[in-house]
>>> print(open('target_34.cif').read())   # mmCIF, C-alpha atoms and all ligand atoms
data_protein
#
loop_
_atom_site.group_PDB
_atom_site.id
_atom_site.type_symbol
_atom_site.label_atom_id
_atom_site.label_comp_id
_atom_site.auth_asym_id
_atom_site.auth_seq_id
_atom_site.Cartn_x
_atom_site.Cartn_y
_atom_site.Cartn_z
ATOM 1 C CA MET A 191 -37.139 134.719 129.158
ATOM 2 C CA SER A 192 -37.059 138.116 127.484
ATOM 3 C CA VAL A 193 -39.577 139.359 124.950
ATOM 4 C CA GLN A 194 -39.662 141.565 121.876
ATOM 5 C CA ILE A 195 -42.383 143.551 120.140
ATOM 6 C CA ASP A 196 -43.528 142.644 116.637
ATOM 7 C CA VAL A 197 -45.713 144.780 114.382
ATOM 8 C CA ASP A 198 -48.072 143.407 111.751
ATOM 9 C CA PRO A 199 -47.543 145.843 108.852
ATOM 10 C CA ILE A 200 -50.832 144.825 107.250
ATOM 11 C CA ARG A 201 -52.888 145.766 110.312
ATOM 12 C CA CYS A 202 -50.956 148.884 111.268
ATOM 13 C CA GLU A 203 -52.653 152.087 110.150
ATOM 14 C CA ALA A 204 -49.916 154.463 111.315
ATOM 15 C CA HIS A 205 -51.807 155.993 114.225
ATOM 16 C CA GLY A 206 -48.474 156.518 115.961
ATOM 17 C CA LEU A 207 -49.900 155.857 119.415
ATOM 18 C CA CYS A 208 -47.396 153.099 120.117
ATOM 19 C CA ALA A 209 -44.419 155.439 119.678
ATOM 20 C CA GLU A 210 -45.970 157.868 122.155
ATOM 21 C CA LEU A 211 -46.529 155.150 124.736
ATOM 22 C CA LEU A 212 -43.231 153.292 124.341
ATOM 23 C CA PRO A 213 -40.631 155.711 122.934
ATOM 24 C CA GLU A 214 -37.929 153.537 124.528
ATOM 25 C CA ARG A 215 -38.483 150.922 121.819
ATOM 26 C CA ILE A 216 -40.707 152.430 119.114
ATOM 27 C CA THR A 217 -40.081 155.368 116.817
ATOM 28 C CA LEU A 218 -41.966 156.356 113.670
ATOM 29 C CA ASP A 219 -40.767 156.490 110.109
ATOM 30 C CA GLU A 220 -41.528 159.444 107.844
ATOM 31 C CA TRP A 221 -44.998 158.046 107.055
ATOM 32 C CA GLY A 222 -45.896 157.458 110.695
ATOM 33 C CA TYR A 223 -45.337 153.710 110.697
ATOM 34 C CA PRO A 224 -43.561 152.227 113.701
ATOM 35 C CA LEU A 225 -39.903 151.265 113.656
ATOM 36 C CA ILE A 226 -39.398 148.693 116.384
ATOM 37 C CA ASP A 227 -36.094 148.417 118.198
ATOM 38 C CA PRO A 228 -35.373 144.661 118.172
ATOM 39 C CA THR A 229 -33.536 144.828 121.485
ATOM 40 C CA PRO A 230 -35.259 142.531 124.001
ATOM 41 C CA ILE A 231 -37.634 144.311 126.392
ATOM 42 C CA PRO A 232 -36.242 144.377 129.947
ATOM 43 C CA ALA A 233 -38.524 143.301 132.785
ATOM 44 C CA SER A 234 -38.799 146.940 133.882
ATOM 45 C CA LEU A 235 -40.462 147.855 130.554
ATOM 46 C CA GLU A 236 -42.579 144.754 130.067
ATOM 47 C CA ALA A 237 -45.741 146.093 131.725
ATOM 48 C CA LEU A 238 -45.554 149.263 129.639
ATOM 49 C CA ALA A 239 -44.947 147.200 126.502
ATOM 50 C CA ARG A 240 -48.079 145.133 127.218
ATOM 51 C CA ARG A 241 -50.095 148.297 127.809
ATOM 52 C CA THR A 242 -48.844 149.703 124.499
ATOM 53 C CA ILE A 243 -49.820 146.525 122.675
ATOM 54 C CA ASN A 244 -53.303 146.605 124.173
ATOM 55 C CA ALA A 245 -53.691 150.281 123.283
ATOM 56 C CA CYS A 246 -53.035 149.821 119.550
ATOM 57 C CA PRO A 247 -56.376 150.621 117.838
ATOM 58 C CA THR A 248 -55.850 147.966 115.158
ATOM 59 C CA LEU A 249 -54.226 145.303 117.372
ATOM 60 C CA ALA A 250 -51.189 145.331 115.114
ATOM 61 C CA LEU A 251 -48.674 144.766 117.910
ATOM 62 C CA ARG A 252 -47.805 141.604 119.734
ATOM 63 C CA LEU A 253 -45.215 140.333 122.149
ATOM 64 C CA ARG A 254 -43.059 137.357 121.314
ATOM 65 C CA ALA A 255 -40.169 135.544 122.937
ATOM 66 C CA ALA A 256 -36.856 137.149 122.022
ATOM 67 C CA ALA A 257 -34.460 135.131 119.910
ATOM 68 C CA SER A 258 -31.710 133.561 121.995
ATOM 69 C CA GLY A 259 -29.018 134.700 119.562
ATOM 70 C CA ASN A 260 -27.231 131.365 119.169
ATOM 71 C CA GLY A 261 -29.346 130.080 116.296
ATOM 72 C CA GLY A 262 -31.407 127.835 118.508
ATOM 73 C CA GLY A 263 -29.300 124.702 118.317
ATOM 74 C CA ASP A 264 -27.956 122.878 121.321
ATOM 75 C CA GLY A 265 -24.388 123.233 120.062
ATOM 76 C CA ALA A 266 -23.786 119.506 119.998
ATOM 77 C CA GLY A 267 -23.932 119.178 116.214
ATOM 78 C CA PRO A 268 -24.626 115.979 114.307
ATOM 79 C CA PRO A 269 -23.223 112.709 115.610
ATOM 80 C CA ARG A 270 -19.824 111.867 114.185
ATOM 81 C CA PRO A 271 -19.058 108.460 112.804
ATOM 82 C CA SER A 272 -16.404 106.715 114.790
ATOM 83 C CA ARG A 273 -13.247 105.729 112.976
ATOM 84 C CA THR A 274 -12.228 102.180 112.997
ATOM 85 C CA ARG A 275 -8.690 101.229 112.355
ATOM 86 C CA THR A 276 -8.099 98.255 110.107
ATOM 87 C CA ALA A 277 -5.407 95.883 111.081
ATOM 88 C CA GLY A 278 -2.614 95.717 108.619
HETATM 89 S S1 LIG B 301 -50.495 152.153 117.511
HETATM 90 FE FE1 LIG B 301 -50.862 150.345 116.199
HETATM 91 S S2 LIG B 301 -51.754 151.163 114.329
HETATM 92 FE FE2 LIG B 301 -50.813 152.860 115.425
HETATM 93 S S3 LIG B 301 -48.727 153.016 114.558
HETATM 94 FE FE3 LIG B 301 -48.606 151.742 116.367
HETATM 95 S S4 LIG B 301 -48.832 149.646 115.577
HETATM 96 FE FE4 LIG B 301 -49.570 151.003 113.965
#
>>> encode(input="target_34.cif", output="C-alpha cells")
Amino acid sequence: MSVQIDVDPIRCEAHGLCAELLPERITLDEWGYPLIDPTPIPASLEALARRTINACPTLALRLRAAASGNGGGDGAGPPRPSRTRTAG
C-alpha cells in the first residue's frame, strides 16, 4: 500500500524544513508554507518521508494511506431487482 504526506495547516509555522528534506514531494509557497505533491510516495522515498515528518518542529506532517483512485467502492454496485415476467 502506498502512502501520501498530509500537512496540518493549523500546526504548520512555515519553517520550511520539510521542503529542504523532501524536495521530491514538498515545495514552499510564497509565504514559506509547504505545497505537498499528492502523488503517492514510492517505497524508495518512504524512509526519507518518515524522517521529514519526524523532523517537523511543530509535528504538522503525517503519513496516510494513499487514495486508491477508484472511489473506494468494490465496483459491484447495488443489487438489481430481478424482473419477473407475467404470463399473459
Ligand atoms: S517543517 Fe513543519 S512547520 Fe515547517 S513548513 Fe514544513 S510542515 Fe510547516
>>> closest_atom_pairs(input="target_34.cif", of="chain A", to="ligand LIG 301 (chain B)", cutoff="12 Å", atoms="all atoms listed in the file", output="CSV")
residue,atom,partner,partner_atom,distance
A:Ile195,CA,B:LIG301,S4,10.0
A:Asp196,CA,B:LIG301,S4,8.8
A:Val197,CA,B:LIG301,S4,5.9
A:Asp198,CA,B:LIG301,S4,7.4
A:Pro199,CA,B:LIG301,FE4,7.5
A:Ile200,CA,B:LIG301,FE4,9.2
A:Arg201,CA,B:LIG301,S2,6.8
A:Cys202,CA,B:LIG301,FE4,3.7
A:Glu203,CA,B:LIG301,S2,4.4
A:Ala204,CA,B:LIG301,S3,3.7
A:His205,CA,B:LIG301,FE2,3.5
A:Gly206,CA,B:LIG301,S3,3.8
A:Leu207,CA,B:LIG301,S1,4.2
A:Cys208,CA,B:LIG301,S1,4.2
A:Ala209,CA,B:LIG301,FE3,6.5
A:Glu210,CA,B:LIG301,S1,8.6
A:Leu211,CA,B:LIG301,S1,8.8
A:Leu212,CA,B:LIG301,FE3,9.7
A:Pro213,CA,B:LIG301,FE3,11.1
A:Arg215,CA,B:LIG301,FE3,11.5
A:Ile216,CA,B:LIG301,FE3,8.4
A:Thr217,CA,B:LIG301,S3,9.2
A:Leu218,CA,B:LIG301,S3,7.6
A:Asp219,CA,B:LIG301,S3,9.8
A:Glu220,CA,B:LIG301,S3,11.8
A:Trp221,CA,B:LIG301,S3,9.8
A:Gly222,CA,B:LIG301,S3,6.5
A:Tyr223,CA,B:LIG301,S3,5.2
A:Pro224,CA,B:LIG301,S3,5.3
A:Leu225,CA,B:LIG301,S3,9.0
A:Ile226,CA,B:LIG301,S4,9.5
A:Ala239,CA,B:LIG301,S1,11.7
A:Arg241,CA,B:LIG301,S1,11.0
A:Thr242,CA,B:LIG301,S1,7.6
A:Ile243,CA,B:LIG301,FE1,7.6
A:Asn244,CA,B:LIG301,S1,9.1
A:Ala245,CA,B:LIG301,S1,6.9
A:Cys246,CA,B:LIG301,S1,4.0
A:Pro247,CA,B:LIG301,FE1,5.8
A:Thr248,CA,B:LIG301,S2,5.3
A:Leu249,CA,B:LIG301,FE1,6.2
A:Ala250,CA,B:LIG301,S4,4.9
A:Leu251,CA,B:LIG301,S4,5.4
A:Arg252,CA,B:LIG301,S4,9.1
A:Leu253,CA,B:LIG301,S4,12.0
>>> atom_distance(input="target_34.cif", atom1="atom CA of A:Val193", atom2="atom CA of A:Pro232")
7.8 Å
>>> resolve_selection(input="target_34.cif", expression="the PyMOL selection byres (((chain A and resi 256) around 7) and not hetatm)", output="ChimeraX atom specification")
/A:192-194,230,254-255,257-258
